[in-house]
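> Submitted below is the structure of interest, expressed as structure tokens.
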Amino acid sequence: MNQSRTAANRHFGGRWILWIALLAAVTAVVSVGSARAGTGGGAEPGQRPTFERQSIAWHACATGPDDETGAALAAAGAQCGEIRAPLDYRDPGGRTITVALARRVATDTAHRLGTLIVNTGGPGPSRDGVTAIAVGLPGLSPRGAPNVAARYDLVGIDPRFFGLSTPLECGWPTNLALRARQFAAPDQRSFEASVANAKELAARCTPYGDRLPFASTRHIARDMDLVRAALNEPRISYLGWSYGTYLGAVYLQMFPDRVDRIVLDSALDPGIYGPGLTRPLGVADAAALEDWAAWAAQRNRQYGLGATTEAVLAGVERIYAAARRRPLQVGSHQVEGSEIAGLLLTVEDTDAAYAGFSAKVRNLRDAANGVSVTPSSDLDQTLALYASTDVLAELGMSATTANQCAERPASRDPKTYWRDIREHLATEPLYGPLFRNITPCAFWPTNPIEAATTVDNNHPALIVSAGGDPVAAYSEQLAMHAALHGSRMLTLAGAFRHGVYLADGNACVDTAVERYLLDGVLPAGDRTCTRS
């Protein structure tokens, strides 16, 4: 993996759920015990006879000497395989795609509980979900969950069009893709640039229009059910982070009789997933920025950013104002006002993460003050990616957008996005122009072919959340809780991070999750955990 790819994975991979933000006919609704509008646990028309009778030819996971994911899976004791799935489930006799998966069998066979499908979020490749639980995955689950790995067969799947599952790549240069995802539109000039960029990215996907309508989460859920059938499992258990929570909820709604235990960590609002998912995040990210500012103020002697939370935030405002007047010179890079909000996003609230964030803010502050700046390594690599014309196919940027655009229709009128930005500018001055900006879905060459799933059922589930999640606002997680009437919600109070179970190392959270996965015992009611 070359340096730019490594940097891209580091700087944007962990935040990628932000960009699923980013969803008509009669929506099918199912409650456990009653099926409505044909979305119950039975076979979908035409799907079963051909595709459920597949056998998986297991093989080594590594595709070559540079395959880091495959090597990690091998080290975890996993094998890999593939199944075939219809491109279009309405036409099971037509074109097919490959769906790649990994499996590590339970080591405690005498007490085996079944199969646990693990989705690590994104949307993106998730065969590494096996590694995350079996031995640990840096940035998500440092130590893994050995007790869970002992009693479940662990399965990770690359969703269609990601990773090794018939990948979709429209040839988006990194600079254009990141402009659509990380650049804000605080003024008319930057908004017009965003419109032009979104048009170009959508046009680059036009040659792939025969695949774009089939990128939705409903299609991914159907693929997942074919994996279940190929594994000869009548029911599966499920663990998903971030985007994986929406996928899990959709699967549960579509196939309720095929789910046992389900854990959804850092849940998205199932009613808005699609092109507009980020619209509620302005307030959440402002609160996360304030949490960092309080941390930095307590360490003013080290970072010199201000002795109070208010002083630190005022310094951020001065950076933003200076960049909007003229580009900041940061090493060999120029940083415009439209870039500041995207550079000031947090994902976790650890000391290490906040220290790196503080170094970045110091660089930007010095540049705003006209001081010559040698940027930190992380900031330098991020800004280099903003200028890179490389196509980093493994990041799945165009596939992520295809998934969003296939979920729900987006407004085709650019004026609606500009009006939305302006209407929220007073309350969301920094992040509103980023999270409410126009996306390529406004110009997408295809439309959704079916309505998004309405999640509404009574199946037991455990929802795990951080009270200050900057990527999935707490209001979104409450919406998932409300949609799953049989769920319990476990909240880590005062945590400003995305991803809690295993990622935060909180004993209260991890114990509750594993008691449910291993013993089937949900908390008696909603519960709050705290950090020691």
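Simple scheme: letters A, B, ... for chains in structure tokens order, numbers from 1 for residues in each chain, numbers from 1 for ligands in the order shown.
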Name all residues at most 12 Å from range 286-296 of chain A (count only C-alpha atoms; drop same-chain ones fewer than 6 positions away) and give them as a PyMOL selection string.

chain A and resi 280+302-317+341+343-359+361-362+427-432+435+466-474+494-498

> Please report, as JSON lines, each residue of range 189-295 of chain A lying at most 6 Å from range 442-461 of chain A, together with the nearest pair of atoms and the separation in Å rounded to one decimal; use only C-alpha atoms, and order rows by chain and ascending residue number.


{"residue": "A:Lys199", "atom": "CA", "partner": "A:Phe443", "partner_atom": "CA", "distance": 5.8}
{"residue": "A:Ala202", "atom": "CA", "partner": "A:Trp444", "partner_atom": "CA", "distance": 5.2}
{"residue": "A:Thr206", "atom": "CA", "partner": "A:Pro445", "partner_atom": "CA", "distance": 5.7}
{"residue": "A:Pro213", "atom": "CA", "partner": "A:Pro448", "partner_atom": "CA", "distance": 5.9}
{"residue": "A:Gln253", "atom": "CA", "partner": "A:Val455", "partner_atom": "CA", "distance": 5.9}
{"residue": "A:Ile262", "atom": "CA", "partner": "A:Ala461", "partner_atom": "CA", "distance": 5.2}
{"residue": "A:Val263", "atom": "CA", "partner": "A:Ala461", "partner_atom": "CA", "distance": 6.0}

> Could you write out that same residue set with all heavy atoms as a PDB file, in the first residue's frame?


ATOM      1  N   LYS A 199     -21.621  17.641  -9.792  1.00  0.00           N
ATOM      2  CA  LYS A 199     -22.009  17.283 -11.160  1.00  0.00           C
ATOM      3  C   LYS A 199     -20.950  16.422 -11.832  1.00  0.00           C
ATOM      4  O   LYS A 199     -21.267  15.416 -12.488  1.00  0.00           O
ATOM      5  CB  LYS A 199     -22.227  18.557 -11.993  1.00  0.00           C
ATOM      6  CG  LYS A 199     -23.518  19.281 -11.759  1.00  0.00           C
ATOM      7  CD  LYS A 199     -23.624  20.479 -12.689  1.00  0.00           C
ATOM      8  CE  LYS A 199     -24.910  21.239 -12.495  1.00  0.00           C
ATOM      9  NZ  LYS A 199     -24.986  22.441 -13.382  1.00  0.00           N
ATOM     10  N   ALA A 202     -20.890  12.839 -10.353  1.00  0.00           N
ATOM     11  CA  ALA A 202     -22.037  12.060 -10.817  1.00  0.00           C
ATOM     12  C   ALA A 202     -21.852  11.644 -12.269  1.00  0.00           C
ATOM     13  O   ALA A 202     -22.154  10.496 -12.644  1.00  0.00           O
ATOM     14  CB  ALA A 202     -23.320  12.871 -10.647  1.00  0.00           C
ATOM     15  N   THR A 206     -21.846   7.791 -14.603  1.00  0.00           N
ATOM     16  CA  THR A 206     -22.859   7.498 -15.620  1.00  0.00           C
ATOM     17  C   THR A 206     -22.574   6.206 -16.391  1.00  0.00           C
ATOM     18  O   THR A 206     -23.506   5.428 -16.656  1.00  0.00           O
ATOM     19  CB  THR A 206     -22.994   8.687 -16.587  1.00  0.00           C
ATOM     20  OG1 THR A 206     -23.436   9.834 -15.842  1.00  0.00           O
ATOM     21  CG2 THR A 206     -24.001   8.392 -17.692  1.00  0.00           C
ATOM     22  N   PRO A 213     -28.423   1.293  -9.568  1.00  0.00           N
ATOM     23  CA  PRO A 213     -29.684   1.161  -8.822  1.00  0.00           C
ATOM     24  C   PRO A 213     -29.690   0.011  -7.828  1.00  0.00           C
ATOM     25  O   PRO A 213     -30.575  -0.053  -6.968  1.00  0.00           O
ATOM     26  CB  PRO A 213     -30.716   0.908  -9.937  1.00  0.00           C
ATOM     27  CG  PRO A 213     -30.078   1.382 -11.198  1.00  0.00           C
ATOM     28  CD  PRO A 213     -28.614   1.107 -11.022  1.00  0.00           C
ATOM     29  N   GLN A 253     -35.665  -6.230   9.783  1.00  0.00           N
ATOM     30  CA  GLN A 253     -37.011  -5.918   9.312  1.00  0.00           C
ATOM     31  C   GLN A 253     -37.422  -6.822   8.153  1.00  0.00           C
ATOM     32  O   GLN A 253     -38.583  -7.262   8.073  1.00  0.00           O
ATOM     33  CB  GLN A 253     -37.083  -4.454   8.881  1.00  0.00           C
ATOM     34  CG  GLN A 253     -38.487  -3.951   8.610  1.00  0.00           C
ATOM     35  CD  GLN A 253     -39.305  -3.832   9.888  1.00  0.00           C
ATOM     36  OE1 GLN A 253     -38.800  -3.434  10.925  1.00  0.00           O
ATOM     37  NE2 GLN A 253     -40.581  -4.192   9.817  1.00  0.00           N
ATOM     38  N   ILE A 262     -28.971  -9.425  18.405  1.00  0.00           N
ATOM     39  CA  ILE A 262     -28.492  -8.343  17.533  1.00  0.00           C
ATOM     40  C   ILE A 262     -28.038  -7.160  18.383  1.00  0.00           C
ATOM     41  O   ILE A 262     -28.769  -6.691  19.262  1.00  0.00           O
ATOM     42  CB  ILE A 262     -29.570  -7.929  16.495  1.00  0.00           C
ATOM     43  CG1 ILE A 262     -29.057  -6.817  15.581  1.00  0.00           C
ATOM     44  CG2 ILE A 262     -30.891  -7.561  17.158  1.00  0.00           C
ATOM     45  CD1 ILE A 262     -29.931  -6.586  14.355  1.00  0.00           C
ATOM     46  N   VAL A 263     -26.808  -6.708  18.130  1.00  0.00           N
ATOM     47  CA  VAL A 263     -26.208  -5.577  18.831  1.00  0.00           C
ATOM     48  C   VAL A 263     -25.884  -4.498  17.805  1.00  0.00           C
ATOM     49  O   VAL A 263     -25.201  -4.760  16.800  1.00  0.00           O
ATOM     50  CB  VAL A 263     -24.930  -5.981  19.583  1.00  0.00           C
ATOM     51  CG1 VAL A 263     -24.287  -4.770  20.245  1.00  0.00           C
ATOM     52  CG2 VAL A 263     -25.228  -7.066  20.616  1.00  0.00           C
TER      53      VAL A 263
END

> Pick out the closest residue to Pro125 in chain A from this set: A:Val195, A:Cys441, A:Leu231, A:Met397. Count only C-alpha atoms.

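When distances to Pro125 in chain A are compared using only C-alpha atoms, the smallest one comes from A:Met397.
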
> Which residues are close to Leu226 in chain A, i.e. within 6 Å by only C-alpha atoms, leaving aside same-chain residues fewer than 3 positions away? Reply as a list in words.

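Within the cut-off, the hits are Glu52, Asp223 and Ala229 of chain A.
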
> Counting only C-alpha atoms, figure out which residue out of A:Ile83, A:Ala60, A:Ala184, A:Leu364 gets nearest to Asp225 in chain A.

A:Ile83

> Grab the CA of Ser141 in chain A to CA of Val513 in chain A distance for me, in Å with one decimal place.

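Interatomic distance, CA of Ser141 in chain A to CA of Val513 in chain A: 13.6 Å.
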
> What's around Pro234 in chain A at 9 Å? Count only C-alpha atoms, leave out sequence neighbours fewer than 5 positions away in its own chain, and write the answer as an MDAnalysis selection string.

chainID A and resid 228:229 257:259

> From range 473-526 of chain A, collect each residue whose DSSP state is strand (DSSP E or B) and return the set as a list in words.

Leu484, Ser487, Arg488, Met489, Leu490, Thr491 and Leu492 of chain A

> For the residues in the current selection, export all heavy atoms as a short mmCIF file (atom, residue, chain, number, x, y, z; two decimals), in the first residue's frame.


data_model
loop_
_atom_site.label_atom_id
_atom_site.label_comp_id
_atom_site.auth_asym_id
_atom_site.auth_seq_id
_atom_site.Cartn_x
_atom_site.Cartn_y
_atom_site.Cartn_z
N LEU A 484 -37.06 0.16 17.12
CA LEU A 484 -36.95 -1.22 17.59
C LEU A 484 -37.57 -1.29 18.98
O LEU A 484 -36.91 -1.07 20.00
CB LEU A 484 -35.48 -1.66 17.61
CG LEU A 484 -34.78 -1.67 16.24
CD1 LEU A 484 -33.31 -2.01 16.39
CD2 LEU A 484 -35.46 -2.65 15.30
N SER A 487 -36.02 -3.15 21.97
CA SER A 487 -34.59 -2.90 22.24
C SER A 487 -34.37 -2.30 23.62
O SER A 487 -35.26 -1.70 24.22
CB SER A 487 -34.00 -1.97 21.18
OG SER A 487 -34.59 -0.67 21.23
N ARG A 488 -33.15 -2.46 24.10
CA ARG A 488 -32.64 -1.75 25.27
C ARG A 488 -31.49 -0.86 24.79
O ARG A 488 -30.75 -1.23 23.88
CB ARG A 488 -32.14 -2.71 26.34
CG ARG A 488 -33.19 -3.66 26.86
CD ARG A 488 -34.23 -2.95 27.71
NE ARG A 488 -35.16 -3.91 28.30
CZ ARG A 488 -36.30 -4.30 27.73
NH1 ARG A 488 -36.63 -3.81 26.52
NH2 ARG A 488 -37.09 -5.17 28.32
N MET A 489 -31.34 0.28 25.44
CA MET A 489 -30.29 1.22 25.05
C MET A 489 -29.27 1.36 26.17
O MET A 489 -29.62 1.61 27.32
CB MET A 489 -30.88 2.58 24.69
CG MET A 489 -29.91 3.51 24.01
SD MET A 489 -30.80 4.79 23.11
CE MET A 489 -29.45 5.71 22.40
N LEU A 490 -28.02 1.20 25.80
CA LEU A 490 -26.90 1.29 26.74
C LEU A 490 -26.07 2.51 26.33
O LEU A 490 -25.47 2.53 25.26
CB LEU A 490 -26.07 0.01 26.65
CG LEU A 490 -24.92 -0.20 27.63
CD1 LEU A 490 -25.45 -0.30 29.05
CD2 LEU A 490 -24.17 -1.47 27.25
N THR A 491 -26.06 3.54 27.18
CA THR A 491 -25.41 4.80 26.83
C THR A 491 -24.17 5.03 27.68
O THR A 491 -24.23 4.94 28.91
CB THR A 491 -26.38 5.98 27.03
OG1 THR A 491 -27.53 5.81 26.20
CG2 THR A 491 -25.70 7.30 26.69
N LEU A 492 -23.06 5.32 27.03
CA LEU A 492 -21.84 5.73 27.73
C LEU A 492 -21.90 7.25 27.88
O LEU A 492 -21.70 7.99 26.92
CB LEU A 492 -20.59 5.29 26.97
CG LEU A 492 -19.25 5.62 27.63
CD1 LEU A 492 -19.15 4.97 29.01
CD2 LEU A 492 -18.09 5.17 26.75
#

> Choose the residue, out of A:Ser266, A:Asp378, A:Pro327, A:Pro256, that has the smallest atom-to-atom separation from Gly122 in chain A; count only C-alpha atoms.

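Selected residue with least distance to Gly122 in chain A: A:Ser266.
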
> Just want the 12 Å neighbourhood of Val330 in chain A, counted on only C-alpha atoms, with same-chain residues fewer than 5 positions away dropped. Output as a PyMOL selection string.

chain A and resi 323+335-336+360-377+379-384

> Dump N, CA, C and O atoms for the selected residues as a compact mmCIF listing (two decimals), in the first residue's frame?


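And here is the file that came out, again.txt:
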# COMPACT_ATOMS: atom_id res chain seq x y z
N ALA A 323 -9.26 32.33 7.28
CA ALA A 323 -9.23 31.50 6.08
C ALA A 323 -10.27 31.93 5.06
O ALA A 323 -10.08 31.76 3.86
N VAL A 335 -4.89 26.67 2.49
CA VAL A 335 -6.13 26.19 3.09
C VAL A 335 -7.17 27.30 3.02
O VAL A 335 -6.99 28.37 3.60
N GLU A 336 -8.27 27.03 2.32
CA GLU A 336 -9.33 28.00 2.19
C GLU A 336 -10.38 27.82 3.29
O GLU A 336 -10.43 26.79 3.97
N LYS A 360 -2.93 20.12 15.20
CA LYS A 360 -3.47 20.63 13.95
C LYS A 360 -4.01 22.04 14.11
O LYS A 360 -3.74 22.93 13.28
N VAL A 361 -4.74 22.28 15.19
CA VAL A 361 -5.29 23.61 15.42
C VAL A 361 -4.17 24.63 15.63
O VAL A 361 -4.25 25.77 15.15
N ARG A 362 -3.12 24.26 16.32
CA ARG A 362 -1.98 25.18 16.49
C ARG A 362 -1.38 25.54 15.14
O ARG A 362 -1.03 26.71 14.89
N ASN A 363 -1.23 24.58 14.26
CA ASN A 363 -0.72 24.87 12.92
C ASN A 363 -1.61 25.87 12.20
O ASN A 363 -1.13 26.84 11.59
N LEU A 364 -2.92 25.64 12.26
CA LEU A 364 -3.85 26.53 11.57
C LEU A 364 -3.88 27.91 12.22
O LEU A 364 -3.96 28.93 11.52
N ARG A 365 -3.78 27.97 13.55
CA ARG A 365 -3.74 29.26 14.24
C ARG A 365 -2.51 30.06 13.83
O ARG A 365 -2.59 31.27 13.54
N ASP A 366 -1.36 29.39 13.80
CA ASP A 366 -0.13 30.10 13.42
C ASP A 366 -0.23 30.61 11.99
O ASP A 366 0.19 31.74 11.69
N ALA A 367 -0.78 29.79 11.10
CA ALA A 367 -0.94 30.23 9.71
C ALA A 367 -1.88 31.42 9.62
O ALA A 367 -1.65 32.36 8.85
N ALA A 368 -2.95 31.41 10.42
CA ALA A 368 -3.89 32.53 10.42
C ALA A 368 -3.23 33.81 10.92
O ALA A 368 -3.61 34.92 10.52
N ASN A 369 -2.21 33.65 11.79
CA ASN A 369 -1.48 34.80 12.32
C ASN A 369 -0.30 35.21 11.44
O ASN A 369 0.48 36.08 11.82
N GLY A 370 -0.17 34.56 10.29
CA GLY A 370 0.91 34.91 9.37
C GLY A 370 2.25 34.33 9.72
O GLY A 370 3.27 34.73 9.14
N VAL A 371 2.29 33.36 10.63
CA VAL A 371 3.54 32.73 11.04
C VAL A 371 3.85 31.58 10.08
O VAL A 371 2.96 30.84 9.66
N SER A 372 5.10 31.44 9.71
CA SER A 372 5.52 30.33 8.86
C SER A 372 5.29 29.01 9.60
O SER A 372 5.67 28.86 10.76
N VAL A 373 4.64 28.06 8.93
CA VAL A 373 4.20 26.83 9.57
C VAL A 373 4.82 25.61 8.89
O VAL A 373 4.81 25.50 7.66
N THR A 374 5.36 24.73 9.72
CA THR A 374 5.70 23.38 9.26
C THR A 374 4.62 22.46 9.80
O THR A 374 4.57 22.20 11.01
N PRO A 375 3.71 21.99 8.96
CA PRO A 375 2.55 21.27 9.48
C PRO A 375 2.93 19.93 10.10
O PRO A 375 3.95 19.32 9.73
N SER A 376 2.11 19.49 11.05
CA SER A 376 2.29 18.16 11.60
C SER A 376 2.18 17.13 10.48
O SER A 376 1.60 17.40 9.42
N SER A 377 2.71 15.96 10.72
CA SER A 377 2.68 14.92 9.69
C SER A 377 1.26 14.59 9.27
O SER A 377 0.96 14.46 8.07
N LEU A 379 -1.49 16.49 9.45
CA LEU A 379 -2.09 17.58 8.68
C LEU A 379 -1.48 17.67 7.30
O LEU A 379 -2.18 17.88 6.31
N ASP A 380 -0.18 17.49 7.21
CA ASP A 380 0.50 17.55 5.92
C ASP A 380 -0.05 16.48 4.97
O ASP A 380 -0.33 16.75 3.79
N GLN A 381 -0.22 15.27 5.48
CA GLN A 381 -0.73 14.19 4.64
C GLN A 381 -2.19 14.41 4.26
O GLN A 381 -2.60 14.11 3.13
N THR A 382 -2.97 14.94 5.18
CA THR A 382 -4.37 15.24 4.86
C THR A 382 -4.46 16.26 3.74
O THR A 382 -5.21 16.08 2.77
N LEU A 383 -3.71 17.35 3.86
CA LEU A 383 -3.75 18.39 2.84
C LEU A 383 -3.20 17.90 1.50
O LEU A 383 -3.65 18.34 0.44
N ALA A 384 -2.24 16.99 1.56
CA ALA A 384 -1.73 16.39 0.32
C ALA A 384 -2.83 15.59 -0.38
O ALA A 384 -2.94 15.59 -1.61

> So which residues touch Gly114 in chain A within 7 Å, counting only C-alpha atoms, skipping near sequence neighbours fewer than 5 positions away, as JSON, numbers by chain?

{"A": [152, 153, 236]}

> When you draw a straight line from CA of Leu178 in chain A to CA of Tyr386 in chain A, how long is it in Å?

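So the answer is 6.5 Å.
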
> Give the alpha helix (DSSP H) residues of range 212-352 of chain A, as assigned by DSSP on the backbone, as a ChimeraX atom specification.

/A:217-230,243-254,281-298,300-303,309-325,337-343,351-352

> List the neighbours of Glu407 in chain A out to 12 Å using only C-alpha atoms; skip same-chain residues closer than 5 positions along the sequence, and give me the result as a ChimeraX atom specification.

/A:20-24,212-220,246-247,250,270-277,400-402,441,446-454

> Can you work out which one of A:Thr96, A:His59, A:Phe161, A:Thr439 has the shortest atom-to-atom distance to Tyr208 in chain A, counting only C-alpha atoms?

A:Phe161
